[in-house]
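Report on the structure given below.
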Amino acid sequence: MLAAHIRLLQSRLATLGRYAGPLDGTRGPLTDAAIRKALPDLGTGLPPDWQGWTARRLAVATLQLVAKSEGIDPGTIDGWWGPQTGYAANALLLKADTGRLPDWRDIAPSTANPNAWPTESNVTAFYGPHGTPEGRRPPLVKVPSPWTFRIAWNLAQTRSFLWSHEKTAASVTRILSRIHQHYGEQRLRDLRLDIFSGDYDPRLMRGSQTRWSMHSWGIAYDFDDTRNQLNWGADRASLARPEYRPFWDIWEAEGWVSLGRTKNYDWMHVQAARPD
Ligand SMILES: [Zn+2]
């Protein structure tokens, strides 16, 4: 918990008439006593054993309950500081500062480009000619995946690799390994990050007669298309939810671009080319 979170907690406790100490962002005995008094007023969701929790855990639980009461989902009220609680705490701070809740525009996608991926208009110069349905193929490499993918259009079918342009293969290898390390097998499945919806695919961009899709070079991937449909914004697309931020952070740290994070459509899609 940051001092800013504790200060916000102190100010909410003061509003509830439970705290008269300074709003100093330090959790001392006055704050802890106020938390114990205020917790039963803060609504439902506290498990029955909360009285036995440590002062720190009670403080986190209080923050979770405050978030919940202000329309921000903190996850389970358990007093543990996980990624969802971190998101809720920061959303509370933003709301206190600006009066509004965070939306996708508050996500600043990273502008890092350590592999010097080209802009979309320079993909041919950088990667060579795109593939064609008639059979011309860019130089493709099979990148083994640390977890097994299920194929979106036939979930009984699995695959354990992604096709990648040879120039992006090393980057894809690092990215898959980091994603796997971050989430682990079970969480990847729970979040449907094992649902493969496309890699190399020589075709025109959807809705265009002339422009080739980035998939035609083997430099784009789609995930879980049924829950991230082309024209859906962050209000509907599952990949816009906070639990997927580490997934996107890992791609973006390697210079890949999420159309969802940058343009708020096609949330299923990530590519190794920068928008023009
Ligand atoms: Zn795509």
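Ordering of the structure tokens sets the chain letters (A, B, ...), residue numbers begin anew at 1 in every chain, and ligands are numbered from 1 in the order given.
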
Subject >> Residue contacts of segment 259-273 of chain A (10 Å, only C-alpha atoms) excluding same-chain residues fewer than 6 positions away, as a ChimeraX atom specification >> reply: /A:104-110,113,115-123,126,165,167-168,171-172,196-199,214-215,217-240,245,248,251-252

**OP:** Select from segment 181-264 of chain A everything DSSP, run on the backbone, classes as helix (DSSP H, G or I), then give the selection as number ranges by chain.
**Re:** A: 181-190, 214-217, 225-227, 238-240, 242-253, 259-263

Got time to write the residues from that selection, N, CA and C atoms, as a compact mmCIF listing (two decimals), in the first residue's frame?
```txt
# COMPACT_ATOMS: atom_id res chain seq x y z
N GLN A 181 5.53 -17.41 -17.81
CA GLN A 181 6.12 -17.23 -16.48
C GLN A 181 5.21 -16.38 -15.59
N HIS A 182 4.61 -15.35 -16.19
CA HIS A 182 3.78 -14.44 -15.39
C HIS A 182 2.49 -15.12 -14.93
N TYR A 183 1.79 -15.77 -15.84
CA TYR A 183 0.45 -16.26 -15.51
C TYR A 183 0.43 -17.72 -15.05
N GLY A 184 1.31 -18.53 -15.61
CA GLY A 184 1.24 -19.97 -15.32
C GLY A 184 0.12 -20.62 -16.11
N GLU A 185 0.26 -21.93 -16.28
CA GLU A 185 -0.62 -22.72 -17.14
C GLU A 185 -2.12 -22.54 -16.81
N GLN A 186 -2.45 -22.69 -15.53
CA GLN A 186 -3.87 -22.70 -15.16
C GLN A 186 -4.52 -21.35 -15.39
N ARG A 187 -3.82 -20.30 -14.98
CA ARG A 187 -4.35 -18.93 -15.14
C ARG A 187 -4.49 -18.58 -16.63
N LEU A 188 -3.54 -19.02 -17.44
CA LEU A 188 -3.64 -18.79 -18.89
C LEU A 188 -4.92 -19.40 -19.44
N ARG A 189 -5.21 -20.59 -18.96
CA ARG A 189 -6.45 -21.27 -19.42
C ARG A 189 -7.67 -20.53 -18.90
N ASP A 190 -7.67 -20.17 -17.61
CA ASP A 190 -8.82 -19.47 -17.02
C ASP A 190 -9.09 -18.17 -17.75
N MET A 214 -1.57 -7.61 -41.79
CA MET A 214 -0.26 -7.90 -41.20
C MET A 214 -0.07 -9.42 -41.00
N HIS A 215 -1.17 -10.14 -40.96
CA HIS A 215 -1.08 -11.61 -40.85
C HIS A 215 -0.41 -12.22 -42.08
N SER A 216 -0.43 -11.50 -43.20
CA SER A 216 0.15 -12.03 -44.45
C SER A 216 1.67 -12.09 -44.42
N TRP A 217 2.27 -11.43 -43.44
CA TRP A 217 3.73 -11.49 -43.29
C TRP A 217 4.14 -12.44 -42.14
N ASP A 225 -10.98 -14.66 -30.31
CA ASP A 225 -11.77 -13.74 -31.13
C ASP A 225 -13.24 -13.67 -30.74
N THR A 226 -13.81 -14.76 -30.19
CA THR A 226 -15.24 -14.70 -29.89
C THR A 226 -15.53 -13.70 -28.77
N ARG A 227 -14.57 -13.51 -27.88
CA ARG A 227 -14.79 -12.54 -26.79
C ARG A 227 -14.12 -11.20 -27.05
N SER A 238 -12.97 -8.74 -23.83
CA SER A 238 -12.40 -9.26 -22.58
C SER A 238 -10.93 -8.87 -22.43
N LEU A 239 -10.20 -8.80 -23.54
CA LEU A 239 -8.76 -8.50 -23.44
C LEU A 239 -8.48 -7.05 -23.01
N ALA A 240 -9.52 -6.24 -22.85
CA ALA A 240 -9.35 -4.87 -22.35
C ALA A 240 -9.37 -4.84 -20.82
N PRO A 242 -8.51 -5.39 -16.79
CA PRO A 242 -7.23 -5.18 -16.09
C PRO A 242 -6.38 -6.43 -15.94
N GLU A 243 -7.01 -7.59 -15.83
CA GLU A 243 -6.20 -8.79 -15.62
C GLU A 243 -5.33 -9.13 -16.83
N TYR A 244 -5.60 -8.48 -17.97
CA TYR A 244 -4.78 -8.75 -19.17
C TYR A 244 -3.68 -7.71 -19.36
N ARG A 245 -3.60 -6.73 -18.46
CA ARG A 245 -2.56 -5.70 -18.66
C ARG A 245 -1.16 -6.27 -18.72
N PRO A 246 -0.82 -7.21 -17.82
CA PRO A 246 0.55 -7.78 -17.92
C PRO A 246 0.79 -8.43 -19.28
N PHE A 247 -0.23 -9.11 -19.83
CA PHE A 247 -0.12 -9.72 -21.16
C PHE A 247 0.28 -8.66 -22.20
N TRP A 248 -0.42 -7.54 -22.19
CA TRP A 248 -0.12 -6.47 -23.17
C TRP A 248 1.21 -5.80 -22.85
N ASP A 249 1.49 -5.60 -21.58
CA ASP A 249 2.78 -4.98 -21.22
C ASP A 249 3.95 -5.79 -21.77
N ILE A 250 3.82 -7.10 -21.72
CA ILE A 250 4.91 -7.97 -22.19
C ILE A 250 5.08 -7.82 -23.71
N TRP A 251 3.99 -7.82 -24.46
CA TRP A 251 4.10 -7.60 -25.92
C TRP A 251 4.68 -6.22 -26.21
N GLU A 252 4.17 -5.21 -25.51
CA GLU A 252 4.59 -3.84 -25.82
C GLU A 252 6.05 -3.57 -25.45
N ALA A 253 6.53 -4.26 -24.43
CA ALA A 253 7.94 -4.08 -24.06
C ALA A 253 8.85 -4.51 -25.20
N LEU A 259 -3.91 -3.27 -31.30
CA LEU A 259 -4.86 -2.32 -31.89
C LEU A 259 -5.90 -1.91 -30.85
N GLY A 260 -6.20 -2.81 -29.93
CA GLY A 260 -7.13 -2.48 -28.86
C GLY A 260 -6.58 -1.35 -28.00
N ARG A 261 -5.35 -1.51 -27.54
CA ARG A 261 -4.77 -0.52 -26.63
C ARG A 261 -4.51 0.81 -27.32
N THR A 262 -4.25 0.80 -28.64
CA THR A 262 -3.94 2.06 -29.31
C THR A 262 -5.16 2.67 -29.99
N LYS A 263 -6.11 1.83 -30.47
CA LYS A 263 -7.23 2.38 -31.26
C LYS A 263 -8.60 1.95 -30.75
```

Can you pull out the residues contacting segment 54-66 of chain A? Cut-off 6 Å, using only C-alpha atoms, and skip same-chain residues under 2 positions away; I want them as a compact mmCIF listing (two decimals) with C-alpha atoms, in the first residue's frame.
```txt
# COMPACT_ATOMS: atom_id res chain seq x y z
CA LYS A 68 -16.62 -1.88 -3.91
CA SER A 69 -18.92 0.75 -2.38
CA PRO A 74 -11.74 -5.11 -6.03
CA ILE A 77 -12.70 -9.11 -0.10
CA GLY A 79 -7.34 -8.38 2.65
```

Original post:
Of the residues A:Leu13, A:Asp73, A:Ile195, A:Gly99, which is the one nearest to Leu155 of chain A, using only C-alpha atoms?
Top reply: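 Using only C-alpha atoms, the shortest distance to Leu155 of chain A belongs to A:Ile195.
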
Original post:
Out of segment 60-243 of chain A, which residues get strand (DSSP E) from DSSP, as a VMD selection string?
Top reply: chain A and resid 140 to 151 154 to 165 195 to 198 220 to 223

Using the selection just defined, write its residues with C-alpha atoms as an mmCIF file, in the first residue's frame.
```cif
data_model
loop_
_atom_site.group_PDB
_atom_site.id
_atom_site.type_symbol
_atom_site.label_atom_id
_atom_site.label_comp_id
_atom_site.auth_asym_id
_atom_site.auth_seq_id
_atom_site.Cartn_x
_atom_site.Cartn_y
_atom_site.Cartn_z
ATOM 1 C CA LEU A 140 8.379 -18.506 -41.539
ATOM 2 C CA VAL A 141 9.625 -20.224 -38.398
ATOM 3 C CA LYS A 142 7.700 -22.460 -35.971
ATOM 4 C CA VAL A 143 8.055 -20.948 -32.479
ATOM 5 C CA PRO A 144 7.300 -23.566 -29.806
ATOM 6 C CA SER A 145 4.831 -22.367 -27.172
ATOM 7 C CA PRO A 146 5.382 -23.109 -23.455
ATOM 8 C CA TRP A 147 1.625 -23.724 -23.151
ATOM 9 C CA THR A 148 -0.772 -25.563 -25.430
ATOM 10 C CA PHE A 149 -3.180 -23.538 -27.524
ATOM 11 C CA ARG A 150 -6.727 -24.586 -28.290
ATOM 12 C CA ILE A 151 -7.934 -23.610 -31.741
ATOM 13 C CA ASN A 154 -12.437 -26.195 -32.944
ATOM 14 C CA LEU A 155 -11.560 -26.236 -29.259
ATOM 15 C CA ALA A 156 -10.853 -29.978 -29.330
ATOM 16 C CA GLN A 157 -7.927 -29.282 -31.644
ATOM 17 C CA THR A 158 -4.684 -28.079 -30.066
ATOM 18 C CA ARG A 159 -1.324 -26.777 -31.172
ATOM 19 C CA SER A 160 1.914 -26.120 -29.389
ATOM 20 C CA PHE A 161 3.602 -23.578 -31.667
ATOM 21 C CA LEU A 162 2.998 -20.287 -33.467
ATOM 22 C CA TRP A 163 4.124 -19.455 -36.977
ATOM 23 C CA SER A 164 6.351 -16.393 -37.012
ATOM 24 C CA HIS A 165 8.285 -14.450 -39.616
ATOM 25 C CA ILE A 195 -7.440 -19.686 -27.308
ATOM 26 C CA PHE A 196 -5.618 -19.281 -30.599
ATOM 27 C CA SER A 197 -7.516 -17.324 -33.254
ATOM 28 C CA GLY A 198 -4.879 -16.784 -35.922
ATOM 29 C CA ALA A 220 0.474 -10.712 -36.240
ATOM 30 C CA TYR A 221 -1.507 -12.868 -33.815
ATOM 31 C CA ASP A 222 -5.139 -13.058 -32.757
ATOM 32 C CA PHE A 223 -6.390 -14.387 -29.421
#
```

**OP:** Return the single residue from A:Ser11, A:Thr85, A:Ser177, A:Thr111 that is closest to Val257 of chain A, with distances computed using only C-alpha atoms.
**Re:**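 When distances to Val257 of chain A are compared using only C-alpha atoms, the smallest one comes from A:Thr111.
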
**OP:** Measuring atom to atom with only C-alpha atoms and all ligand atoms, identify which of A:Gly25, A:Pro129, A:Gly255, A:Pro202 is nearest to ligand 1.
**Re:**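 Of A:Gly25, A:Pro129, A:Gly255, A:Pro202, the one nearest ligand 1 is A:Pro202, counting only C-alpha atoms and all ligand atoms.
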
**OP:** Take atom CA of Pro139 of chain A and atom CA of Glu166 of chain A and report the distance between them in Å, one decimal.
**Re:**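 Separation of atom CA of Pro139 of chain A and atom CA of Glu166 of chain A: 5.8 Å.
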